[in-house]
Structure formats: C-alpha cells, structure tokens
$ cat protein21.pdb   # PDB, C-alpha atoms, pLDDT in the B column
MODEL        1
ATOM      1  CA  MET A   1     115.553 116.501  92.607  1.00 50.00           C
ATOM      2  CA  PRO A   2     112.235 114.979  93.706  1.00 58.00           C
ATOM      3  CA  GLU A   3     109.387 117.268  94.662  1.00 75.00           C
ATOM      4  CA  MET A   4     108.103 117.502  98.191  1.00 82.00           C
ATOM      5  CA  PRO A   5     105.179 115.220  99.002  1.00 82.00           C
ATOM      6  CA  THR A   6     101.749 116.786  98.623  1.00 85.00           C
ATOM      7  CA  MET A   7      99.299 117.195 101.482  1.00 88.00           C
ATOM      8  CA  LEU A   8      97.396 114.266 100.002  1.00 86.00           C
ATOM      9  CA  SER A   9     100.568 112.143 100.240  1.00 88.00           C
ATOM     10  CA  PHE A  10     101.004 113.176 103.872  1.00 92.00           C
ATOM     11  CA  ALA A  11      97.363 112.304 104.573  1.00 92.00           C
ATOM     12  CA  ALA A  12      97.772 108.917 102.873  1.00 91.00           C
ATOM     13  CA  ALA A  13     100.966 108.266 104.851  1.00 94.00           C
ATOM     14  CA  GLY A  14      99.099 109.120 108.045  1.00 95.00           C
ATOM     15  CA  PHE A  15      96.274 106.736 107.147  1.00 96.00           C
ATOM     16  CA  TYR A  16      98.823 104.047 106.265  1.00 96.00           C
ATOM     17  CA  ALA A  17     100.427 104.610 109.689  1.00 97.00           C
ATOM     18  CA  LEU A  18      97.063 103.935 111.356  1.00 97.00           C
ATOM     19  CA  VAL A  19      96.714 100.733 109.337  1.00 97.00           C
ATOM     20  CA  ALA A  20     100.270  99.657 110.238  1.00 97.00           C
ATOM     21  CA  VAL A  21      99.608 100.316 113.938  1.00 97.00           C
ATOM     22  CA  ALA A  22      96.340  98.338 113.781  1.00 97.00           C
ATOM     23  CA  CYS A  23      98.198  95.429 112.160  1.00 97.00           C
ATOM     24  CA  GLY A  24     100.985  95.683 114.724  1.00 96.00           C
ATOM     25  CA  VAL A  25      98.475  95.577 117.565  1.00 96.00           C
ATOM     26  CA  ALA A  26      96.735  92.600 115.926  1.00 96.00           C
ATOM     27  CA  ALA A  27     100.098  90.804 115.694  1.00 96.00           C
ATOM     28  CA  SER A  28     100.884  91.608 119.313  1.00 95.00           C
ATOM     29  CA  ARG A  29      97.455  90.473 120.514  1.00 94.00           C
ATOM     30  CA  SER A  30      97.753  87.347 118.389  1.00 94.00           C
ATOM     31  CA  ARG A  31     100.910  86.364 120.219  1.00 92.00           C
ATOM     32  CA  ALA A  32      99.586  87.370 123.630  1.00 91.00           C
ATOM     33  CA  HIS A  33      96.468  85.240 123.146  1.00 91.00           C
ATOM     34  CA  ASN A  34      98.405  82.250 121.751  1.00 89.00           C
ATOM     35  CA  GLN A  35      96.770  82.343 118.333  1.00 90.00           C
ATOM     36  CA  GLN A  36      98.012  80.439 115.300  1.00 90.00           C
ATOM     37  CA  VAL A  37     101.545  81.449 114.354  1.00 93.00           C
ATOM     38  CA  TRP A  38     100.572  82.352 110.785  1.00 92.00           C
ATOM     39  CA  HIS A  39      98.170  84.991 112.114  1.00 93.00           C
ATOM     40  CA  GLY A  40     100.973  86.937 113.749  1.00 94.00           C
ATOM     41  CA  ARG A  41     103.236  86.533 110.740  1.00 95.00           C
ATOM     42  CA  ALA A  42     100.520  87.733 108.377  1.00 95.00           C
ATOM     43  CA  TRP A  43      99.784  90.810 110.495  1.00 97.00           C
ATOM     44  CA  ILE A  44     103.490  91.632 110.722  1.00 97.00           C
ATOM     45  CA  ALA A  45     103.928  91.224 106.948  1.00 97.00           C
ATOM     46  CA  ILE A  46     100.975  93.519 106.291  1.00 97.00           C
ATOM     47  CA  ALA A  47     102.295  96.085 108.792  1.00 97.00           C
ATOM     48  CA  LEU A  48     105.686  95.998 107.045  1.00 97.00           C
ATOM     49  CA  LEU A  49     103.971  96.485 103.674  1.00 97.00           C
ATOM     50  CA  PHE A  50     102.293  99.603 105.021  1.00 97.00           C
ATOM     51  CA  LEU A  51     105.556 100.906 106.474  1.00 97.00           C
ATOM     52  CA  VAL A  52     107.058 100.584 102.986  1.00 96.00           C
ATOM     53  CA  LEU A  53     103.994 102.367 101.568  1.00 95.00           C
ATOM     54  CA  ILE A  54     104.502 105.200 104.066  1.00 96.00           C
ATOM     55  CA  LEU A  55     108.092 105.627 102.896  1.00 95.00           C
ATOM     56  CA  SER A  56     106.944 105.427  99.296  1.00 93.00           C
ATOM     57  CA  ARG A  57     104.447 108.242  99.855  1.00 92.00           C
ATOM     58  CA  LEU A  58     106.856 110.449 101.769  1.00 93.00           C
ATOM     59  CA  LEU A  59     109.681 109.940  99.266  1.00 92.00           C
ATOM     60  CA  ASN A  60     107.402 110.171  96.181  1.00 89.00           C
ATOM     61  CA  ALA A  61     108.824 106.815  95.103  1.00 88.00           C
ATOM     62  CA  GLU A  62     106.030 105.996  92.648  1.00 84.00           C
ATOM     63  CA  GLU A  63     106.380 109.346  90.916  1.00 84.00           C
ATOM     64  CA  ILE A  64     110.160 108.982  90.733  1.00 86.00           C
ATOM     65  CA  ILE A  65     109.829 105.496  89.218  1.00 85.00           C
ATOM     66  CA  ARG A  66     107.241 106.746  86.702  1.00 80.00           C
ATOM     67  CA  ASP A  67     109.467 109.701  85.747  1.00 82.00           C
ATOM     68  CA  ASP A  68     112.479 107.410  85.341  1.00 85.00           C
ATOM     69  CA  LEU A  69     110.415 105.063  83.194  1.00 80.00           C
ATOM     70  CA  ARG A  70     109.241 107.973  81.015  1.00 78.00           C
ATOM     71  CA  ASP A  71     112.844 109.166  80.642  1.00 82.00           C
ATOM     72  CA  TRP A  72     114.003 105.681  79.682  1.00 82.00           C
ATOM     73  CA  LEU A  73     111.180 105.294  77.158  1.00 76.00           C
ATOM     74  CA  GLN A  74     112.040 108.713  75.721  1.00 80.00           C
ATOM     75  CA  SER A  75     115.741 107.831  75.398  1.00 82.00           C
ATOM     76  CA  GLU A  76     114.827 104.548  73.644  1.00 77.00           C
ATOM     77  CA  ASP A  77     112.346 106.311  71.306  1.00 75.00           C
ATOM     78  CA  MET A  78     109.558 104.114  72.683  1.00 73.00           C
ATOM     79  CA  LEU A  79     107.442 106.837  74.293  1.00 68.00           C
ATOM     80  CA  ASP A  80     105.277 107.567  71.257  1.00 73.00           C
ATOM     81  CA  GLY A  81     104.373 103.913  70.675  1.00 71.00           C
ATOM     82  CA  ARG A  82     103.937 103.009  74.314  1.00 70.00           C
ATOM     83  CA  ARG A  83     100.156 102.691  74.188  1.00 72.00           C
ATOM     84  CA  VAL A  84     100.323  99.506  72.134  1.00 74.00           C
ATOM     85  CA  TRP A  85     102.588  97.546  74.478  1.00 75.00           C
ATOM     86  CA  GLN A  86     101.225  99.333  77.536  1.00 77.00           C
ATOM     87  CA  ARG A  87      97.749  97.922  76.844  1.00 78.00           C
ATOM     88  CA  TRP A  88      99.203  94.424  76.786  1.00 82.00           C
ATOM     89  CA  LEU A  89     101.202  95.064  79.942  1.00 82.00           C
ATOM     90  CA  ILE A  90      98.148  96.417  81.787  1.00 82.00           C
ATOM     91  CA  ALA A  91      95.997  93.536  80.525  1.00 84.00           C
ATOM     92  CA  GLY A  92      98.671  91.084  81.657  1.00 87.00           C
ATOM     93  CA  ALA A  93      98.918  92.703  85.088  1.00 86.00           C
ATOM     94  CA  ILE A  94      95.144  92.622  85.506  1.00 86.00           C
ATOM     95  CA  PHE A  95      95.024  89.011  84.303  1.00 91.00           C
ATOM     96  CA  VAL A  96      97.822  87.858  86.616  1.00 91.00           C
ATOM     97  CA  GLY A  97      96.402  89.803  89.572  1.00 88.00           C
ATOM     98  CA  GLY A  98      92.927  88.443  88.901  1.00 89.00           C
ATOM     99  CA  ALA A  99      94.158  84.882  88.429  1.00 92.00           C
ATOM    100  CA  VAL A 100      96.188  84.971  91.641  1.00 90.00           C
ATOM    101  CA  GLY A 101      93.231  86.538  93.465  1.00 86.00           C
ATOM    102  CA  LEU A 102      90.788  83.922  92.165  1.00 88.00           C
ATOM    103  CA  PHE A 103      93.155  81.065  92.960  1.00 88.00           C
ATOM    104  CA  ALA A 104      93.817  82.388  96.462  1.00 84.00           C
ATOM    105  CA  GLY A 105      90.109  83.009  96.973  1.00 83.00           C
ATOM    106  CA  TYR A 106      89.275  79.494  95.837  1.00 84.00           C
ATOM    107  CA  ARG A 107      91.845  78.012  98.214  1.00 81.00           C
ATOM    108  CA  VAL A 108      90.791  80.213 101.110  1.00 81.00           C
ATOM    109  CA  VAL A 109      87.018  79.825 100.816  1.00 79.00           C
ATOM    110  CA  GLY A 110      87.131  76.080 101.242  1.00 77.00           C
ATOM    111  CA  ARG A 111      89.787  75.940 103.928  1.00 83.00           C
ATOM    112  CA  VAL A 112      89.492  78.981 106.125  1.00 82.00           C
ATOM    113  CA  THR A 113      86.944  78.702 108.865  1.00 81.00           C
ATOM    114  CA  GLY A 114      86.524  80.736 111.974  1.00 86.00           C
ATOM    115  CA  ARG A 115      86.211  84.472 112.391  1.00 89.00           C
ATOM    116  CA  ARG A 116      89.875  85.017 113.241  1.00 90.00           C
ATOM    117  CA  ASN A 117      91.109  83.156 110.178  1.00 91.00           C
ATOM    118  CA  VAL A 118      88.620  84.980 107.961  1.00 90.00           C
ATOM    119  CA  ALA A 119      89.748  88.367 109.327  1.00 93.00           C
ATOM    120  CA  VAL A 120      93.392  87.555 108.554  1.00 93.00           C
ATOM    121  CA  ALA A 121      92.439  86.244 105.089  1.00 92.00           C
ATOM    122  CA  ILE A 122      90.487  89.434 104.312  1.00 92.00           C
ATOM    123  CA  ALA A 123      93.445  91.558 105.380  1.00 95.00           C
ATOM    124  CA  ALA A 124      95.843  89.492 103.267  1.00 93.00           C
ATOM    125  CA  GLY A 125      93.519  89.676 100.252  1.00 91.00           C
ATOM    126  CA  SER A 126      93.146  93.430 100.653  1.00 94.00           C
ATOM    127  CA  SER A 127      96.942  93.718 100.783  1.00 94.00           C
ATOM    128  CA  GLY A 128      97.103  91.856  97.481  1.00 92.00           C
ATOM    129  CA  LEU A 129      94.568  94.293  96.035  1.00 90.00           C
ATOM    130  CA  MET A 130      96.720  97.190  97.231  1.00 92.00           C
ATOM    131  CA  LEU A 131      99.803  95.704  95.532  1.00 92.00           C
ATOM    132  CA  CYS A 132      97.862  95.248  92.273  1.00 89.00           C
ATOM    133  CA  LEU A 133      96.761  98.878  92.418  1.00 87.00           C
ATOM    134  CA  ILE A 134     100.363 100.007  92.911  1.00 88.00           C
ATOM    135  CA  VAL A 135     101.481  97.949  89.901  1.00 87.00           C
ATOM    136  CA  LEU A 136      98.721  99.497  87.774  1.00 83.00           C
ATOM    137  CA  ARG A 137      99.731 102.991  88.882  1.00 83.00           C
ATOM    138  CA  LEU A 138     103.354 102.278  87.937  1.00 81.00           C
ATOM    139  CA  ILE A 139     102.499 100.807  84.543  1.00 80.00           C
ATOM    140  CA  SER A 140     100.016 103.510  83.712  1.00 74.00           C
ATOM    141  CA  LEU A 141     101.809 106.335  82.034  1.00 59.00           C
ATOM    142  CA  HIS A 142      98.582 107.408  80.336  1.00 61.00           C
ATOM    143  CA  ALA A 143      96.267 104.589  79.255  1.00 53.00           C
ATOM    144  CA  MET A 144      94.768 103.794  82.682  1.00 65.00           C
ATOM    145  CA  ASP A 145      95.030 107.339  84.000  1.00 66.00           C
ATOM    146  CA  ARG A 146      91.428 108.195  83.098  1.00 67.00           C
ATOM    147  CA  LEU A 147      90.170 105.286  85.194  1.00 68.00           C
ATOM    148  CA  LEU A 148      92.610 105.683  88.060  1.00 70.00           C
ATOM    149  CA  TYR A 149      92.640 109.462  88.376  1.00 68.00           C
ATOM    150  CA  GLY A 150      89.543 110.572  86.410  1.00 69.00           C
ATOM    151  CA  PRO A 151      86.153 111.577  87.771  1.00 68.00           C
ATOM    152  CA  LEU A 152      85.575 108.202  89.460  1.00 64.00           C
ATOM    153  CA  LYS A 153      88.946 108.336  91.278  1.00 71.00           C
ATOM    154  CA  LEU A 154      89.298 104.534  91.260  1.00 75.00           C
ATOM    155  CA  ASN A 155      92.808 105.053  92.596  1.00 78.00           C
ATOM    156  CA  TRP A 156      91.409 106.604  95.770  1.00 83.00           C
ATOM    157  CA  VAL A 157      88.567 104.109  96.031  1.00 85.00           C
ATOM    158  CA  GLY A 158      90.960 101.154  95.734  1.00 86.00           C
ATOM    159  CA  ASP A 159      93.645 102.637  97.962  1.00 89.00           C
ATOM    160  CA  ILE A 160      91.370 103.861 100.738  1.00 91.00           C
ATOM    161  CA  GLY A 161      89.046 100.865 100.426  1.00 92.00           C
ATOM    162  CA  ALA A 162      91.803  98.261 100.702  1.00 93.00           C
ATOM    163  CA  SER A 163      93.465 100.136 103.572  1.00 95.00           C
ATOM    164  CA  ALA A 164      90.170 100.542 105.428  1.00 94.00           C
ATOM    165  CA  ALA A 165      89.332  96.856 104.916  1.00 95.00           C
ATOM    166  CA  ILE A 166      92.691  95.867 106.418  1.00 95.00           C
ATOM    167  CA  MET A 167      92.246  98.206 109.383  1.00 96.00           C
ATOM    168  CA  ALA A 168      88.687  96.942 109.960  1.00 95.00           C
ATOM    169  CA  ALA A 169      89.863  93.322 109.739  1.00 95.00           C
ATOM    170  CA  ALA A 170      92.610  94.037 112.282  1.00 96.00           C
ATOM    171  CA  ALA A 171      90.148  95.720 114.659  1.00 95.00           C
ATOM    172  CA  TYR A 172      87.686  92.846 114.251  1.00 95.00           C
ATOM    173  CA  TYR A 173      90.459  90.293 114.834  1.00 94.00           C
ATOM    174  CA  ILE A 174      91.517  92.059 118.041  1.00 94.00           C
ATOM    175  CA  TRP A 175      87.891  92.202 119.208  1.00 94.00           C
ATOM    176  CA  VAL A 176      87.299  88.490 118.499  1.00 92.00           C
ATOM    177  CA  ILE A 177      90.392  87.209 120.287  1.00 91.00           C
ATOM    178  CA  ARG A 178      89.701  89.359 123.343  1.00 86.00           C
ATOM    179  CA  GLN A 179      86.330  87.693 123.905  1.00 80.00           C
ATOM    180  CA  PRO A 180      86.135  84.852 126.422  1.00 74.00           C
ATOM    181  CA  ILE A 181      86.480  81.422 124.820  1.00 64.00           C
ATOM    182  CA  ARG A 182      82.813  80.503 125.414  1.00 58.00           C
ATOM    183  CA  GLN A 183      81.640  83.562 123.479  1.00 59.00           C
ATOM    184  CA  ARG A 184      84.118  82.990 120.617  1.00 54.00           C
ATOM    185  CA  ARG A 185      82.576  79.682 119.652  1.00 54.00           C
ATOM    186  CA  ARG A 186      79.223  81.219 118.742  1.00 50.00           C
TER     187      ARG A 186
ENDMDL
END

$ encode --input "protein21.pdb" --output "structure tokens"
Amino acid sequence: MPEMPTMLSFAAAGFYALVAVACGVAASRSRAHNQQVWHGRAWIAIALLFLVLILSRLLNAEEIIRDDLRDWLQSEDMLDGRRVWQRWLIAGAIFVGGAVGLFAGYRVVGRVTGRRNVAVAIAAGSSGLMLCLIVLRLISLHAMDRLLYGPLKLNWVGDIGASAAIMAAAAYYIWVIRQPIRQRRR
C-alpha cells in the first residue's frame, strides 16, 4: 500500500495548483482578448500537465513507479548491475532532452516575436524542462540521486524554478494582453 504524501508533496501540489490556475487564467484571457489560438491551447496543455503533476504528488506516483521498477529489477537479477546501463539511460535522456530543447530553442528564437509569443514559448520550454526532470527522477534509482537530492537539491531548484518560470510567464502574458493596443506595440 502506498505511503501518504509528505508535507513537502502537499506543498508542491499546492504550488502546482497555483501554476495551473495561472495557466488557466492565461488561457481564458487569451480567448477573451482574441489572441492567437495556439496561445490558448498551449496554456491549457500546460495547465493540464500541472493537474497531472498534482495527482502524481498526491498519489506518490513517482515513488510507486520507482518502487515497481526496483522490484522488477530485483526479480530479473538486474539490480546489482543497474549502474552500468543506468548511466547510459541517464546520458541518453539528457542527450535527447538537450537535443529537443536546443532544436526547439533554435526554431523559436528565429520565429517567435512579440512579448505574448515569447511568454508562451518560455512557459512551454519550462514545461519541457519539468518533464525532463521527472524522467531523470524516474530513471535515477541511485546514480543521479546525489545531484538531484544531495546538498545542492537540483531537484528542488529545477522543479520550483520551472514552475515559477511558468507562473511568471502566465502572469506576464495576462498583464501584456490587458494593456491597451497602443501600449502593447512598444
């Protein structure tokens, strides 16, 4: 039976709820102010991601998946030698995440203009960073634990940083589209 969520999980779920609400408001304001359709869709997708993350935190989904993976590795006698293939898996995840991030960044930098578009692009990029962090947490049964959970707490920095960037981008987006059209062009 899964353990109850910790106070830290409840706090994270609460913060995720704030981010989801900010994205929901941005989506609503996007529609109300007749913004580009992809803006609203992006904000809704990000809000849905954070609703899933809330459920994940409250249900301890990551811990359950990690425990199931450990059990499977133990039953297959692969637990002792996991560090060898785990390094390759982590390196592959970092490479794929980095390559996708660089490609998306390259495509976005040249094509996205305007403060509203940039705000949505930052939120989408931060969502991608959050997904990469989740993948690393799932893969990491031990090898990355020192970096993610050690003295630097890169897990917290990445999680809180990406979430805060998304919430700030949503707030900025809402602020920009509420300005009169003459002021927006500056």

$ residues_around --input "protein21.pdb" --residues "A:Ala123" --least-positions-apart "5" --cutoff "9 Å" --atoms "all atoms listed in the file" --output "PyMOL selection string"
chain A and resi 42-43+46+118+128+162-163+165-170

$ closest_residue --input "protein21.pdb" --among "A:Val96, A:Ser56, A:Phe10, A:Ala119" --to "A:Ile134" --atoms "only C-alpha atoms"
A:Ser56

$ resolve_selection --input "protein21.pdb" --expression "the PyMOL selection byres ((chain A and resi 9) around 10)" --output "list in words"
Met4, Pro5, Thr6, Met7, Leu8, Phe10, Ala11, Ala12, Ala13, Gly14, Phe15, Ile54, Ser56, Arg57, Leu58, Leu59 and Asn60 of chain A

$ atom_distance --input "protein21.pdb" --atom1 "atom CA of A:Leu138" --atom2 "atom CA of A:Leu89"
11.0 Å

$ atom_distance --input "protein21.pdb" --atom1 "atom CA of A:Ala47" --atom2 "atom CA of A:Glu63"
22.6 Å

$ residues_around --input "protein21.pdb" --residues "A:Leu131" --least-positions-apart "5" --cutoff "10 Å" --atoms "all atoms listed in the file" --output "ChimeraX atom specification"
/A:49,53,97,125-126,136-137,159,162

$ closest_residue --input "protein21.pdb" --among "A:Ile174, A:Arg116, A:Leu129, A:Val52" --to "A:His39" --atoms "all atoms listed in the file"
A:Arg116

$ residues_around --input "protein21.pdb" --residues "A:Ser28" --least-positions-apart "4" --cutoff "12 Å" --atoms "all atoms listed in the file" --output "number ranges by chain"
A: 21-24, 32-35, 37, 39-44, 47, 170, 173-174, 177

$ atom_distance --input "protein21.pdb" --atom1 "atom CA of A:Gly105" --atom2 "atom CA of A:Ala121"
9.0 Å

$ closest_residue --input "protein21.pdb" --among "A:Trp72, A:Ser140, A:Ile94, A:Ser127" --to "A:Ala164" --atoms "all atoms listed in the file"
A:Ser127

$ closest_residue --input "protein21.pdb" --among "A:Met130, A:Ile122, A:Ala171, A:Val100" --to "A:Tyr16" --atoms "all atoms listed in the file"
A:Met130

$ closest_residue --input "protein21.pdb" --among "A:Ala124, A:Ala104, A:Leu73, A:Ile90" --to "A:Ala45" --atoms "only C-alpha atoms"
A:Ala124

$ closest_residue --input "protein21.pdb" --among "A:Ala20, A:Ala99, A:Ile64, A:Val108" --to "A:Val120" --atoms "only C-alpha atoms"
A:Val108

$ decode --input "protein21.pdb" --residues "stretch 39-56 of chain A" --atoms "N, CA, C and O atoms" --output "PDB file, in the first residue's frame"
ATOM      1  N   HIS A  39      -1.938  30.115 -28.483  1.00  0.00           N
ATOM      2  CA  HIS A  39      -1.668  30.604 -27.132  1.00  0.00           C
ATOM      3  C   HIS A  39      -2.582  29.900 -26.130  1.00  0.00           C
ATOM      4  O   HIS A  39      -2.120  29.347 -25.130  1.00  0.00           O
ATOM      5  N   GLY A  40      -3.875  29.948 -26.414  1.00  0.00           N
ATOM      6  CA  GLY A  40      -4.835  29.313 -25.513  1.00  0.00           C
ATOM      7  C   GLY A  40      -4.605  27.823 -25.382  1.00  0.00           C
ATOM      8  O   GLY A  40      -4.665  27.271 -24.277  1.00  0.00           O
ATOM      9  N   ARG A  41      -4.314  27.181 -26.495  1.00  0.00           N
ATOM     10  CA  ARG A  41      -4.060  25.729 -26.459  1.00  0.00           C
ATOM     11  C   ARG A  41      -2.819  25.407 -25.641  1.00  0.00           C
ATOM     12  O   ARG A  41      -2.799  24.422 -24.894  1.00  0.00           O
ATOM     13  N   ALA A  42      -1.789  26.217 -25.804  1.00  0.00           N
ATOM     14  CA  ALA A  42      -0.549  25.980 -25.039  1.00  0.00           C
ATOM     15  C   ALA A  42      -0.803  26.155 -23.546  1.00  0.00           C
ATOM     16  O   ALA A  42      -0.368  25.324 -22.735  1.00  0.00           O
ATOM     17  N   TRP A  43      -1.514  27.209 -23.170  1.00  0.00           N
ATOM     18  CA  TRP A  43      -1.790  27.433 -21.746  1.00  0.00           C
ATOM     19  C   TRP A  43      -2.642  26.304 -21.166  1.00  0.00           C
ATOM     20  O   TRP A  43      -2.419  25.863 -20.038  1.00  0.00           O
ATOM     21  N   ILE A  44      -3.617  25.838 -21.947  1.00  0.00           N
ATOM     22  CA  ILE A  44      -4.448  24.728 -21.468  1.00  0.00           C
ATOM     23  C   ILE A  44      -3.617  23.455 -21.314  1.00  0.00           C
ATOM     24  O   ILE A  44      -3.744  22.732 -20.322  1.00  0.00           O
ATOM     25  N   ALA A  45      -2.749  23.177 -22.287  1.00  0.00           N
ATOM     26  CA  ALA A  45      -1.892  21.982 -22.202  1.00  0.00           C
ATOM     27  C   ALA A  45      -0.982  22.044 -20.977  1.00  0.00           C
ATOM     28  O   ALA A  45      -0.812  21.044 -20.269  1.00  0.00           O
ATOM     29  N   ILE A  46      -0.435  23.216 -20.710  1.00  0.00           N
ATOM     30  CA  ILE A  46       0.446  23.359 -19.546  1.00  0.00           C
ATOM     31  C   ILE A  46      -0.359  23.214 -18.257  1.00  0.00           C
ATOM     32  O   ILE A  46       0.089  22.565 -17.308  1.00  0.00           O
ATOM     33  N   ALA A  47      -1.562  23.786 -18.217  1.00  0.00           N
ATOM     34  CA  ALA A  47      -2.417  23.633 -17.035  1.00  0.00           C
ATOM     35  C   ALA A  47      -2.757  22.162 -16.802  1.00  0.00           C
ATOM     36  O   ALA A  47      -2.722  21.681 -15.662  1.00  0.00           O
ATOM     37  N   LEU A  48      -3.058  21.439 -17.876  1.00  0.00           N
ATOM     38  CA  LEU A  48      -3.347  20.001 -17.746  1.00  0.00           C
ATOM     39  C   LEU A  48      -2.132  19.231 -17.243  1.00  0.00           C
ATOM     40  O   LEU A  48      -2.269  18.319 -16.415  1.00  0.00           O
ATOM     41  N   LEU A  49      -0.942  19.595 -17.746  1.00  0.00           N
ATOM     42  CA  LEU A  49       0.289  18.965 -17.249  1.00  0.00           C
ATOM     43  C   LEU A  49       0.397  19.150 -15.740  1.00  0.00           C
ATOM     44  O   LEU A  49       0.687  18.197 -15.013  1.00  0.00           O
ATOM     45  N   PHE A  50       0.127  20.352 -15.261  1.00  0.00           N
ATOM     46  CA  PHE A  50       0.246  20.595 -13.829  1.00  0.00           C
ATOM     47  C   PHE A  50      -0.867  19.929 -13.023  1.00  0.00           C
ATOM     48  O   PHE A  50      -0.648  19.553 -11.871  1.00  0.00           O
ATOM     49  N   LEU A  51      -2.025  19.730 -13.613  1.00  0.00           N
ATOM     50  CA  LEU A  51      -3.058  18.948 -12.925  1.00  0.00           C
ATOM     51  C   LEU A  51      -2.616  17.495 -12.770  1.00  0.00           C
ATOM     52  O   LEU A  51      -2.830  16.878 -11.721  1.00  0.00           O
ATOM     53  N   VAL A  52      -1.964  16.956 -13.803  1.00  0.00           N
ATOM     54  CA  VAL A  52      -1.425  15.595 -13.711  1.00  0.00           C
ATOM     55  C   VAL A  52      -0.324  15.547 -12.648  1.00  0.00           C
ATOM     56  O   VAL A  52      -0.242  14.589 -11.869  1.00  0.00           O
ATOM     57  N   LEU A  53       0.512  16.590 -12.603  1.00  0.00           N
ATOM     58  CA  LEU A  53       1.581  16.633 -11.598  1.00  0.00           C
ATOM     59  C   LEU A  53       1.015  16.710 -10.180  1.00  0.00           C
ATOM     60  O   LEU A  53       1.580  16.128  -9.250  1.00  0.00           O
ATOM     61  N   ILE A  54      -0.101  17.411 -10.019  1.00  0.00           N
ATOM     62  CA  ILE A  54      -0.756  17.460  -8.703  1.00  0.00           C
ATOM     63  C   ILE A  54      -1.184  16.059  -8.288  1.00  0.00           C
ATOM     64  O   ILE A  54      -0.912  15.616  -7.171  1.00  0.00           O
ATOM     65  N   LEU A  55      -1.853  15.354  -9.201  1.00  0.00           N
ATOM     66  CA  LEU A  55      -2.273  13.981  -8.896  1.00  0.00           C
ATOM     67  C   LEU A  55      -1.078  13.090  -8.605  1.00  0.00           C
ATOM     68  O   LEU A  55      -1.108  12.266  -7.683  1.00  0.00           O
ATOM     69  N   SER A  56      -0.026  13.267  -9.379  1.00  0.00           N
ATOM     70  CA  SER A  56       1.192  12.484  -9.177  1.00  0.00           C
ATOM     71  C   SER A  56       1.746  12.697  -7.778  1.00  0.00           C
ATOM     72  O   SER A  56       2.152  11.744  -7.110  1.00  0.00           O
TER      73      SER A  56
END
